[in-house]
Each structure stands twice: as structure tokens, then as C-alpha cells.
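Undergrad: File work_18.txt follows (compact mmCIF, N, CA and C atoms):
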# COMPACT_ATOMS: atom_id res chain seq x y z
N MET A 451 -26.50 -1.15 -2.02
CA MET A 451 -25.31 -0.76 -1.29
C MET A 451 -25.33 0.75 -1.11
N SER A 452 -25.11 1.20 0.09
CA SER A 452 -25.21 2.63 0.40
C SER A 452 -23.85 3.30 0.48
N ALA A 453 -22.91 2.86 -0.30
CA ALA A 453 -21.56 3.44 -0.26
C ALA A 453 -21.59 4.87 -0.80
N THR A 454 -20.77 5.71 -0.19
CA THR A 454 -20.61 7.08 -0.67
C THR A 454 -19.17 7.26 -1.11
N VAL A 455 -18.96 8.16 -2.05
CA VAL A 455 -17.63 8.50 -2.53
C VAL A 455 -17.46 9.99 -2.29
N ARG A 456 -16.33 10.35 -1.68
CA ARG A 456 -16.09 11.75 -1.32
C ARG A 456 -14.60 12.04 -1.35
N LEU A 457 -14.29 13.34 -1.31
CA LEU A 457 -12.90 13.74 -1.13
C LEU A 457 -12.50 13.42 0.30
N GLY A 458 -11.33 12.85 0.46
CA GLY A 458 -10.84 12.53 1.78
C GLY A 458 -10.25 13.76 2.46
N THR A 459 -10.00 13.61 3.75
CA THR A 459 -9.41 14.69 4.54
C THR A 459 -8.18 14.14 5.27
N ALA A 460 -7.47 15.03 5.94
CA ALA A 460 -6.30 14.61 6.73
C ALA A 460 -6.73 13.61 7.80
N ASP A 461 -7.97 13.72 8.28
CA ASP A 461 -8.46 12.79 9.29
C ASP A 461 -8.53 11.35 8.77
N ASP A 462 -8.61 11.19 7.44
CA ASP A 462 -8.70 9.85 6.84
C ASP A 462 -7.35 9.18 6.69
N LEU A 463 -6.26 9.95 6.76
CA LEU A 463 -4.92 9.41 6.48
C LEU A 463 -4.57 8.17 7.31
N PRO A 464 -4.78 8.16 8.63
CA PRO A 464 -4.40 6.96 9.38
C PRO A 464 -5.14 5.70 8.91
N HIS A 465 -6.44 5.85 8.65
CA HIS A 465 -7.21 4.67 8.23
C HIS A 465 -6.82 4.24 6.81
N VAL A 466 -6.60 5.21 5.93
CA VAL A 466 -6.17 4.88 4.56
C VAL A 466 -4.85 4.12 4.61
N ASN A 467 -3.90 4.60 5.39
CA ASN A 467 -2.61 3.92 5.45
C ASN A 467 -2.71 2.56 6.12
N GLU A 468 -3.60 2.42 7.08
CA GLU A 468 -3.85 1.10 7.68
C GLU A 468 -4.40 0.14 6.63
N LEU A 469 -5.34 0.61 5.81
CA LEU A 469 -5.89 -0.22 4.74
C LEU A 469 -4.83 -0.56 3.71
N TYR A 470 -4.00 0.42 3.34
CA TYR A 470 -2.93 0.14 2.39
C TYR A 470 -2.04 -1.00 2.91
N ARG A 471 -1.68 -0.96 4.19
CA ARG A 471 -0.86 -2.04 4.76
C ARG A 471 -1.61 -3.37 4.69
N GLU A 472 -2.89 -3.35 5.04
CA GLU A 472 -3.72 -4.57 5.01
C GLU A 472 -3.77 -5.14 3.60
N TRP A 473 -3.83 -4.26 2.58
CA TRP A 473 -3.92 -4.69 1.19
C TRP A 473 -2.56 -5.03 0.59
N GLY A 474 -1.48 -4.85 1.37
CA GLY A 474 -0.15 -5.15 0.86
C GLY A 474 0.42 -4.08 -0.05
N TYR A 475 -0.12 -2.89 0.02
CA TYR A 475 0.37 -1.78 -0.79
C TYR A 475 1.42 -1.03 0.02
N ARG A 476 2.62 -0.89 -0.55
CA ARG A 476 3.75 -0.38 0.23
C ARG A 476 3.81 1.13 0.37
N ALA A 477 3.21 1.87 -0.54
CA ALA A 477 3.29 3.33 -0.47
C ALA A 477 2.41 3.85 0.66
N THR A 478 2.61 5.11 0.99
CA THR A 478 1.89 5.74 2.09
C THR A 478 1.19 7.00 1.58
N ALA A 479 -0.04 7.20 1.99
CA ALA A 479 -0.74 8.44 1.69
C ALA A 479 -0.17 9.54 2.59
N LEU A 480 0.07 10.70 2.00
CA LEU A 480 0.68 11.81 2.71
C LEU A 480 -0.28 13.00 2.79
N THR A 481 0.03 13.92 3.67
CA THR A 481 -0.83 15.08 3.90
C THR A 481 -1.12 15.86 2.62
N GLY A 482 -0.16 16.02 1.73
CA GLY A 482 -0.36 16.80 0.52
C GLY A 482 -1.13 16.09 -0.59
N ASP A 483 -1.42 14.81 -0.41
CA ASP A 483 -2.14 14.04 -1.43
C ASP A 483 -3.61 14.44 -1.47
N THR A 484 -4.21 14.35 -2.65
CA THR A 484 -5.66 14.45 -2.77
C THR A 484 -6.20 13.04 -2.64
N LEU A 485 -7.04 12.81 -1.63
CA LEU A 485 -7.63 11.50 -1.41
C LEU A 485 -9.06 11.46 -1.92
N ILE A 486 -9.41 10.39 -2.58
CA ILE A 486 -10.79 10.10 -2.92
C ILE A 486 -11.09 8.79 -2.21
N VAL A 487 -12.11 8.80 -1.34
CA VAL A 487 -12.42 7.61 -0.57
C VAL A 487 -13.86 7.18 -0.81
N ALA A 488 -14.07 5.88 -0.71
CA ALA A 488 -15.42 5.30 -0.72
C ALA A 488 -15.67 4.76 0.67
N GLU A 489 -16.86 5.00 1.17
CA GLU A 489 -17.23 4.55 2.52
C GLU A 489 -18.53 3.77 2.47
N ASN A 490 -18.64 2.82 3.36
CA ASN A 490 -19.88 2.11 3.60
C ASN A 490 -20.00 1.96 5.12
N ASP A 491 -21.12 2.38 5.68
CA ASP A 491 -21.31 2.35 7.13
C ASP A 491 -20.15 2.99 7.87
N LYS A 492 -19.70 4.16 7.38
CA LYS A 492 -18.62 4.96 7.99
C LYS A 492 -17.27 4.25 8.01
N GLN A 493 -17.12 3.20 7.21
CA GLN A 493 -15.84 2.50 7.07
C GLN A 493 -15.31 2.74 5.66
N ILE A 494 -14.05 3.11 5.55
CA ILE A 494 -13.45 3.30 4.23
C ILE A 494 -13.28 1.94 3.58
N ILE A 495 -13.82 1.83 2.37
CA ILE A 495 -13.76 0.56 1.63
C ILE A 495 -13.01 0.70 0.31
N GLY A 496 -12.64 1.94 -0.03
CA GLY A 496 -11.90 2.17 -1.25
C GLY A 496 -11.17 3.49 -1.18
N VAL A 497 -10.06 3.56 -1.89
CA VAL A 497 -9.28 4.80 -1.89
C VAL A 497 -8.48 4.91 -3.19
N VAL A 498 -8.30 6.13 -3.62
CA VAL A 498 -7.36 6.46 -4.68
C VAL A 498 -6.78 7.82 -4.29
N ARG A 499 -5.56 8.05 -4.70
CA ARG A 499 -4.98 9.34 -4.36
C ARG A 499 -4.28 9.95 -5.55
N LEU A 500 -4.25 11.26 -5.54
CA LEU A 500 -3.51 12.03 -6.54
C LEU A 500 -2.33 12.67 -5.82
N THR A 501 -1.17 12.51 -6.40
CA THR A 501 0.05 13.04 -5.80
C THR A 501 0.78 13.91 -6.83
N ILE A 502 1.73 14.68 -6.34
CA ILE A 502 2.66 15.39 -7.22
C ILE A 502 4.04 14.85 -6.86
N GLU A 503 4.69 14.22 -7.83
CA GLU A 503 6.02 13.66 -7.63
C GLU A 503 6.94 14.18 -8.73
N HIS A 504 8.05 14.76 -8.35
CA HIS A 504 9.00 15.32 -9.32
C HIS A 504 8.28 16.30 -10.25
N GLY A 505 7.30 17.01 -9.71
CA GLY A 505 6.55 17.98 -10.50
C GLY A 505 5.49 17.37 -11.41
N VAL A 506 5.25 16.06 -11.28
CA VAL A 506 4.33 15.34 -12.15
C VAL A 506 3.11 14.88 -11.34
N ARG A 507 1.91 15.16 -11.86
CA ARG A 507 0.68 14.69 -11.21
C ARG A 507 0.51 13.19 -11.48
N MET A 508 0.24 12.46 -10.39
CA MET A 508 0.15 11.00 -10.47
C MET A 508 -1.16 10.50 -9.87
N LEU A 509 -1.76 9.53 -10.51
CA LEU A 509 -2.86 8.76 -9.93
C LEU A 509 -2.20 7.53 -9.31
N ARG A 510 -2.42 7.34 -7.97
CA ARG A 510 -1.71 6.27 -7.27
C ARG A 510 -2.64 5.54 -6.31
N GLY A 511 -2.29 4.31 -6.07
CA GLY A 511 -2.85 3.54 -4.96
C GLY A 511 -4.35 3.32 -5.00
N MET A 512 -4.93 3.13 -6.17
CA MET A 512 -6.37 2.87 -6.23
C MET A 512 -6.63 1.45 -5.78
N ARG A 513 -7.42 1.33 -4.72
CA ARG A 513 -7.76 0.02 -4.16
C ARG A 513 -9.20 0.04 -3.66
N VAL A 514 -9.86 -1.11 -3.77
CA VAL A 514 -11.21 -1.30 -3.23
C VAL A 514 -11.21 -2.62 -2.47
N GLN A 515 -11.81 -2.61 -1.29
CA GLN A 515 -11.92 -3.85 -0.50
C GLN A 515 -12.47 -4.96 -1.40
N PRO A 516 -11.90 -6.15 -1.34
CA PRO A 516 -12.34 -7.24 -2.22
C PRO A 516 -13.85 -7.49 -2.21
N ALA A 517 -14.49 -7.41 -1.07
CA ALA A 517 -15.93 -7.67 -1.00
C ALA A 517 -16.75 -6.64 -1.79
N TYR A 518 -16.14 -5.49 -2.11
CA TYR A 518 -16.86 -4.42 -2.80
C TYR A 518 -16.41 -4.24 -4.24
N GLN A 519 -15.47 -5.06 -4.69
CA GLN A 519 -15.01 -4.96 -6.07
C GLN A 519 -16.11 -5.41 -7.01
N ARG A 520 -16.10 -4.81 -8.20
CA ARG A 520 -17.07 -5.11 -9.26
C ARG A 520 -18.51 -4.74 -8.86
N THR A 521 -18.62 -3.70 -8.02
CA THR A 521 -19.94 -3.21 -7.62
C THR A 521 -20.19 -1.79 -8.12
N GLY A 522 -19.24 -1.22 -8.86
CA GLY A 522 -19.38 0.14 -9.37
C GLY A 522 -18.69 1.18 -8.51
N ILE A 523 -18.16 0.78 -7.36
CA ILE A 523 -17.51 1.75 -6.47
C ILE A 523 -16.26 2.33 -7.13
N GLY A 524 -15.45 1.49 -7.75
CA GLY A 524 -14.25 1.97 -8.41
C GLY A 524 -14.59 2.98 -9.51
N THR A 525 -15.64 2.72 -10.26
CA THR A 525 -16.07 3.65 -11.31
C THR A 525 -16.50 4.98 -10.70
N ARG A 526 -17.23 4.93 -9.60
CA ARG A 526 -17.65 6.17 -8.93
C ARG A 526 -16.44 6.93 -8.39
N MET A 527 -15.45 6.19 -7.89
CA MET A 527 -14.23 6.85 -7.43
C MET A 527 -13.50 7.50 -8.61
N LEU A 528 -13.47 6.82 -9.75
CA LEU A 528 -12.83 7.40 -10.94
C LEU A 528 -13.51 8.68 -11.38
N GLU A 529 -14.85 8.73 -11.28
CA GLU A 529 -15.58 9.93 -11.68
C GLU A 529 -15.15 11.14 -10.85
N LEU A 530 -15.01 10.96 -9.54
CA LEU A 530 -14.55 12.05 -8.70
C LEU A 530 -13.07 12.34 -8.95
N THR A 531 -12.31 11.32 -9.24
CA THR A 531 -10.89 11.49 -9.55
C THR A 531 -10.70 12.37 -10.77
N VAL A 532 -11.47 12.11 -11.82
CA VAL A 532 -11.31 12.89 -13.05
C VAL A 532 -11.71 14.35 -12.80
N ARG A 533 -12.69 14.58 -11.95
CA ARG A 533 -13.04 15.97 -11.61
C ARG A 533 -11.90 16.62 -10.83
N SER A 534 -11.22 15.85 -9.99
CA SER A 534 -10.10 16.38 -9.22
C SER A 534 -8.89 16.65 -10.10
N ILE A 535 -8.68 15.84 -11.11
CA ILE A 535 -7.57 16.06 -12.05
C ILE A 535 -7.85 17.30 -12.88
N GLY A 536 -9.10 17.48 -13.23
CA GLY A 536 -9.47 18.63 -14.06
C GLY A 536 -8.86 18.52 -15.44
N GLU A 537 -8.33 19.63 -15.91
CA GLU A 537 -7.77 19.67 -17.27
C GLU A 537 -6.27 19.46 -17.29
N ARG A 538 -5.73 19.03 -16.14
CA ARG A 538 -4.28 18.85 -16.03
C ARG A 538 -3.83 17.46 -16.50
N GLU A 539 -2.59 17.38 -16.89
CA GLU A 539 -1.98 16.11 -17.27
C GLU A 539 -1.80 15.24 -16.02
N CYS A 540 -1.93 13.94 -16.20
CA CYS A 540 -1.77 13.01 -15.08
C CYS A 540 -1.21 11.69 -15.60
N PHE A 541 -0.36 11.05 -14.79
CA PHE A 541 0.25 9.77 -15.13
C PHE A 541 -0.10 8.72 -14.08
N GLY A 542 0.10 7.46 -14.41
CA GLY A 542 -0.07 6.38 -13.46
C GLY A 542 0.64 5.14 -13.94
N ILE A 543 0.72 4.15 -13.04
CA ILE A 543 1.33 2.86 -13.39
C ILE A 543 0.40 1.75 -12.87
N PRO A 544 -0.67 1.46 -13.61
CA PRO A 544 -1.60 0.41 -13.16
C PRO A 544 -1.19 -0.97 -13.67
N TYR A 545 -1.85 -1.96 -13.10
CA TYR A 545 -1.74 -3.31 -13.65
C TYR A 545 -2.32 -3.29 -15.07
N THR A 546 -1.73 -4.06 -15.96
CA THR A 546 -2.16 -4.04 -17.36
C THR A 546 -3.62 -4.47 -17.53
N HIS A 547 -4.12 -5.34 -16.68
CA HIS A 547 -5.53 -5.78 -16.85
C HIS A 547 -6.51 -4.65 -16.54
N LEU A 548 -6.02 -3.55 -15.95
CA LEU A 548 -6.88 -2.41 -15.62
C LEU A 548 -6.84 -1.30 -16.68
N LEU A 549 -6.10 -1.49 -17.76
CA LEU A 549 -6.01 -0.45 -18.78
C LEU A 549 -7.38 -0.03 -19.32
N PRO A 550 -8.29 -0.95 -19.62
CA PRO A 550 -9.61 -0.52 -20.10
C PRO A 550 -10.38 0.30 -19.04
N PHE A 551 -10.20 -0.03 -17.78
CA PHE A 551 -10.86 0.69 -16.70
C PHE A 551 -10.40 2.16 -16.69
N TYR A 552 -9.09 2.38 -16.74
CA TYR A 552 -8.57 3.75 -16.73
C TYR A 552 -8.82 4.47 -18.04
N ALA A 553 -8.98 3.73 -19.13
CA ALA A 553 -9.29 4.35 -20.41
C ALA A 553 -10.64 5.08 -20.36
N ARG A 554 -11.52 4.66 -19.46
CA ARG A 554 -12.83 5.31 -19.32
C ARG A 554 -12.71 6.80 -19.02
N ILE A 555 -11.60 7.21 -18.39
CA ILE A 555 -11.44 8.63 -18.07
C ILE A 555 -10.28 9.25 -18.85
N GLY A 556 -9.95 8.65 -19.97
CA GLY A 556 -9.00 9.28 -20.88
C GLY A 556 -7.54 8.91 -20.73
N PHE A 557 -7.23 7.92 -19.90
CA PHE A 557 -5.84 7.47 -19.79
C PHE A 557 -5.54 6.50 -20.92
N THR A 558 -4.35 6.63 -21.50
CA THR A 558 -3.89 5.67 -22.50
C THR A 558 -2.48 5.23 -22.14
N GLU A 559 -2.16 4.01 -22.55
CA GLU A 559 -0.81 3.50 -22.32
C GLU A 559 0.16 4.27 -23.20
N ILE A 560 1.32 4.59 -22.63
CA ILE A 560 2.35 5.28 -23.40
C ILE A 560 3.65 4.47 -23.34
N PRO A 561 4.50 4.61 -24.35
CA PRO A 561 5.80 3.93 -24.30
C PRO A 561 6.71 4.62 -23.30
N PRO A 562 7.65 3.88 -22.74
CA PRO A 562 8.57 4.48 -21.77
C PRO A 562 9.26 5.74 -22.27
N ALA A 563 9.55 5.81 -23.55
CA ALA A 563 10.24 6.99 -24.09
C ALA A 563 9.44 8.28 -23.92
N GLU A 564 8.12 8.15 -23.71
CA GLU A 564 7.27 9.33 -23.54
C GLU A 564 6.95 9.62 -22.08
N ALA A 565 7.51 8.86 -21.17
CA ALA A 565 7.21 9.00 -19.75
C ALA A 565 8.35 9.69 -19.01
N PRO A 566 8.02 10.35 -17.90
CA PRO A 566 9.10 10.90 -17.07
C PRO A 566 10.04 9.78 -16.61
N PRO A 567 11.34 10.05 -16.58
CA PRO A 567 12.32 9.01 -16.24
C PRO A 567 12.05 8.30 -14.91
N PHE A 568 11.59 9.01 -13.88
CA PHE A 568 11.34 8.34 -12.60
C PHE A 568 10.22 7.32 -12.72
N LEU A 569 9.26 7.55 -13.63
CA LEU A 569 8.18 6.56 -13.82
C LEU A 569 8.68 5.33 -14.57
N VAL A 570 9.57 5.56 -15.51
CA VAL A 570 10.17 4.43 -16.23
C VAL A 570 10.91 3.55 -15.23
N GLU A 571 11.70 4.18 -14.38
CA GLU A 571 12.46 3.44 -13.37
C GLU A 571 11.51 2.67 -12.42
N ARG A 572 10.47 3.34 -11.97
CA ARG A 572 9.51 2.70 -11.07
C ARG A 572 8.80 1.53 -11.75
N SER A 573 8.37 1.73 -12.98
CA SER A 573 7.67 0.64 -13.68
C SER A 573 8.61 -0.55 -13.91
N GLU A 574 9.87 -0.27 -14.20
CA GLU A 574 10.85 -1.36 -14.38
C GLU A 574 11.06 -2.13 -13.08
N SER A 575 11.07 -1.42 -11.95
CA SER A 575 11.23 -2.12 -10.67
C SER A 575 10.01 -2.99 -10.37
N TYR A 576 8.82 -2.50 -10.72
CA TYR A 576 7.61 -3.32 -10.53
C TYR A 576 7.67 -4.57 -11.41
N ARG A 577 8.09 -4.39 -12.66
CA ARG A 577 8.17 -5.53 -13.57
C ARG A 577 9.22 -6.54 -13.09
N ALA A 578 10.30 -6.05 -12.50
CA ALA A 578 11.34 -6.93 -11.97
C ALA A 578 10.79 -7.80 -10.83
N GLU A 579 9.75 -7.31 -10.17
CA GLU A 579 9.08 -8.09 -9.11
C GLU A 579 8.04 -9.04 -9.67
N GLY A 580 7.88 -9.03 -11.00
CA GLY A 580 6.91 -9.92 -11.63
C GLY A 580 5.54 -9.31 -11.82
N LEU A 581 5.41 -8.02 -11.56
CA LEU A 581 4.11 -7.36 -11.73
C LEU A 581 3.92 -6.96 -13.18
N LYS A 582 2.71 -7.13 -13.68
CA LYS A 582 2.38 -6.75 -15.05
C LYS A 582 1.75 -5.36 -15.01
N VAL A 583 2.58 -4.35 -15.31
CA VAL A 583 2.14 -2.97 -15.22
C VAL A 583 2.43 -2.23 -16.52
N ALA A 584 1.77 -1.09 -16.67
CA ALA A 584 1.97 -0.22 -17.82
C ALA A 584 2.04 1.22 -17.33
N ILE A 585 2.65 2.07 -18.11
CA ILE A 585 2.63 3.50 -17.81
C ILE A 585 1.49 4.11 -18.59
N ILE A 586 0.65 4.89 -17.90
CA ILE A 586 -0.48 5.54 -18.55
C ILE A 586 -0.40 7.04 -18.37
N ARG A 587 -1.06 7.74 -19.28
CA ARG A 587 -1.08 9.20 -19.26
C ARG A 587 -2.46 9.68 -19.67
N ARG A 588 -2.91 10.69 -18.97
CA ARG A 588 -4.12 11.43 -19.36
C ARG A 588 -3.62 12.80 -19.77
N PRO A 589 -3.76 13.15 -21.05
CA PRO A 589 -3.18 14.42 -21.50
C PRO A 589 -3.93 15.61 -20.93
N PRO A 590 -3.27 16.75 -20.91
CA PRO A 590 -3.98 17.95 -20.48
C PRO A 590 -5.05 18.30 -21.51
N ALA A 591 -6.08 18.97 -21.06
CA ALA A 591 -7.13 19.38 -21.99
C ALA A 591 -6.56 20.43 -22.95
N SER A 592 -7.03 20.39 -24.16
CA SER A 592 -6.60 21.38 -25.15
C SER A 592 -7.24 22.72 -24.82
N PRO A 593 -6.50 23.80 -25.01
CA PRO A 593 -7.08 25.14 -24.71
C PRO A 593 -8.18 25.51 -25.67
With the file now loaded, output its structure as C-alpha cells.

TA:
Amino acid sequence: MSATVRLGTADDLPHVNELYREWGYRATALTGDTLIVAENDKQIIGVVRLTIEHGVRMLRGMRVQPAYQRTGIGTRMLELTVRSIGERECFGIPYTHLLPFYARIGFTEIPPAEAPPFLVERSESYRAEGLKVAIIRRPPASP
């Protein structure tokens, strides 16, 4: 498979958002987001984005086209994601079955009491929809 993983650009936003809709993901990638995209034959087949919400860095919307899942593309996207996060703190709300996947780059599940209030609220709304999610955090690097 000749897929490449790269930082996305503003030119990728329309296609990323089209894919998000196709995948049933309700959020939208915005101009200020850091996009990491995977491509095969000039078609985006995977995306993850880093956002700043309420002053908090977030890993959001990681998706890979079903035909390309379990091929290593998600891992390659995570490698570029961790370089983009750098030594800064980052949070996310993944499905619980993906906790080991995100643990590869230093994310650990945290209790709601240790999370920003807006993330607690968001995770509770996801759970109310029947989604099995957890709040995760990658701590900042020690000086």
C-alpha cells in the first residue's frame, strides 16, 4: 500500500469535512485546526485533527476509511500527531476500545474530576447516546 501521511492544509478542509459527513462524524474541521491526513492515490483515506477548545489542546476526529483500517495507517497518523503535539498537554474522548491504541503515544484514561468541565459534559452527552467513550490525557513533557 502506497499511502502517505502528511500535515493537511486548508485545501484539504472541504474533502475532510465531506469524509466526516460520510463517516457519520458530526464535528467539522476548521481553518485553525492542525490536520494530519493519510492519502492513497491522491484520495484522503484517513484524518485526525488537533484543535484548541476553551484553551485546551484536543485530539479529535481520528478516522480511517474502513477498507484501510488495521493496515498501520492509523499508527502512522498517530506518529505524526505526537510530533505535532510536541511537549504540550493534550486531551481526547475516544471510544474505550481504542484506549490501548492511544496509549502508544502516552495518552492515559483520566477520571472526570481531572478533566476540563467542558470535556466531562461532552463525554456525558456521548454516553447518553450509548457511546462507550473515555476521557484521555497526554501530560506535558517534564522540563

Undergrad: Report the closest atom pair, with its distance in Å rounded to one decimal, for each residue of region 507-585 of chain A that has an atom no farther than 7 Å from region 482-493 of chain A; count only N, CA and C atoms, sort by chain and then rising residue number, and write it as JSON lines.

TA:
{"residue": "A:Met527", "atom": "CA", "partner": "A:Ile486", "partner_atom": "C", "distance": 6.4}
{"residue": "A:Leu530", "atom": "C", "partner": "A:Ile486", "partner_atom": "CA", "distance": 6.8}
{"residue": "A:Thr531", "atom": "N", "partner": "A:Ile486", "partner_atom": "CA", "distance": 6.6}

Undergrad: Generate the output file for the selected residues, N, CA and C atoms, as an mmCIF file, in the coordinates of the input.

TA:
data_model
loop_
_atom_site.group_PDB
_atom_site.id
_atom_site.type_symbol
_atom_site.label_atom_id
_atom_site.label_comp_id
_atom_site.auth_asym_id
_atom_site.auth_seq_id
_atom_site.Cartn_x
_atom_site.Cartn_y
_atom_site.Cartn_z
ATOM 1 N N MET A 527 -15.450 6.190 -7.890
ATOM 2 C CA MET A 527 -14.230 6.850 -7.430
ATOM 3 C C MET A 527 -13.500 7.500 -8.610
ATOM 4 N N LEU A 530 -15.010 10.960 -9.540
ATOM 5 C CA LEU A 530 -14.550 12.050 -8.700
ATOM 6 C C LEU A 530 -13.070 12.340 -8.950
ATOM 7 N N THR A 531 -12.310 11.320 -9.240
ATOM 8 C CA THR A 531 -10.890 11.490 -9.550
ATOM 9 C C THR A 531 -10.700 12.370 -10.770
#

Undergrad: Show me the residues around (-5.0, 5.8, -19.2) - criterion: an atom at most 6 Å away, all atoms listed in the file counted - as a count of residues only.

TA: 9

Undergrad: Which is closest to Glu472 (chain A) among A:Arg577, A:Arg554, A:Arg513, A:His547, if we use only C-alpha atoms?

TA: A:Arg513

Undergrad: Once you count only C-alpha atoms, which residues end up no further than 10 Å from (-26.7, -3.6, -3.8) in the file's frame, shown as a VMD selection string?

TA: chain A and resid 451 to 453 518 521 to 522

Undergrad: Mind pulling up the distance from atom C of Leu528 (chain A) to atom N of Pro567 (chain A)?

TA: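 Straight-line distance from atom N of Pro567 (chain A) to atom C of Leu528 (chain A) works out to 25.4 Å.
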
Undergrad: Go through A:Ala477, A:Ala584, A:Leu463, A:Ala578 one by one, measure the shortest atom-to-atom distance of each to Leu549 (chain A) using all atoms listed in the file, and give the residue with the smallest value.

TA: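 Comparing A:Ala477, A:Ala584, A:Leu463, A:Ala578 against Leu549 (chain A), the winner is A:Ala584.
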
Undergrad: Let's see if you can do this: from backbone DSSP, list all helix (DSSP H, G or I) residues in chain A, as number ranges by chain.

TA: A: 460-472, 516-518, 523-535, 546-553, 562-564, 567-578

Undergrad: How many Å separate CA of Leu509 (chain A) from CA of Ile555 (chain A)?

TA: 11.8 Å

Undergrad: With all atoms listed in the file as the atoms that count, which of A:Leu500, A:Arg526, A:Trp473, A:Met508 lies nearest to Phe541 (chain A)?

TA: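 Ranked by minimum distance to Phe541 (chain A), first place goes to A:Met508.
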
Undergrad: So that I can check the secondary structure, give me every residue of region 462-557 of chain A assigned strand (DSSP E or B) by backbone DSSP, as a ChimeraX atom specification.

TA: /A:484-490,493-503,506-514,540-542,545

Undergrad: Pick from A:Val466, A:Val498, A:Ile560, A:Ala591: nearest to Glu539 (chain A), with all atoms listed in the file counted?

TA: A:Ala591

Undergrad: So which residues touch Arg538 (chain A) within 5 Å, counting only N, CA and C atoms, skipping near sequence neighbours fewer than 3 positions away, as a list in words?

TA: Ile535, Pro589, Pro590 and Ala591 of chain A

Undergrad: Report, in Å to a single decimal, how far apart CA of Leu469 (chain A) and CA of Gly505 (chain A) are.

TA: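 For CA of Gly505 (chain A) relative to CA of Leu469 (chain A), the distance reads 26.8 Å.
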
Undergrad: Leaving out Lys582 (chain A) and any residue of its chain fewer than 4 positions from it, which residues lie within 6 Å of it when counting all atoms listed in the file, given as a list in words?

TA: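 Counting only the stated atoms, we get Pro544, Tyr545, Thr546 and Arg577 of chain A.
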
Undergrad: Let's have the selection written as a PDB file, in the coordinates of the input, with N, CA and C atoms.

TA:
ATOM      1  N   PRO A 544      -0.670   1.460 -13.610  1.00  0.00           N
ATOM      2  CA  PRO A 544      -1.600   0.410 -13.160  1.00  0.00           C
ATOM      3  C   PRO A 544      -1.190  -0.970 -13.670  1.00  0.00           C
ATOM      4  N   TYR A 545      -1.850  -1.960 -13.100  1.00  0.00           N
ATOM      5  CA  TYR A 545      -1.740  -3.310 -13.650  1.00  0.00           C
ATOM      6  C   TYR A 545      -2.320  -3.290 -15.070  1.00  0.00           C
ATOM      7  N   THR A 546      -1.730  -4.060 -15.960  1.00  0.00           N
ATOM      8  CA  THR A 546      -2.160  -4.040 -17.360  1.00  0.00           C
ATOM      9  C   THR A 546      -3.620  -4.470 -17.530  1.00  0.00           C
ATOM     10  N   ARG A 577       8.090  -4.390 -12.660  1.00  0.00           N
ATOM     11  CA  ARG A 577       8.170  -5.530 -13.570  1.00  0.00           C
ATOM     12  C   ARG A 577       9.220  -6.540 -13.090  1.00  0.00           C
TER      13      ARG A 577
END

Undergrad: Take every atom of region 490-506 of chain A listed in the file, fit an axis-aligned box around them, add 5 Å per side, and give the centre and edge lengths in Å to one decimal as lines of an AutoDock Vina configuration file.

TA:
center_x = -6.2
center_y = 9.3
center_z = -2.1
size_x = 40.3
size_y = 27.4
size_z = 30.2
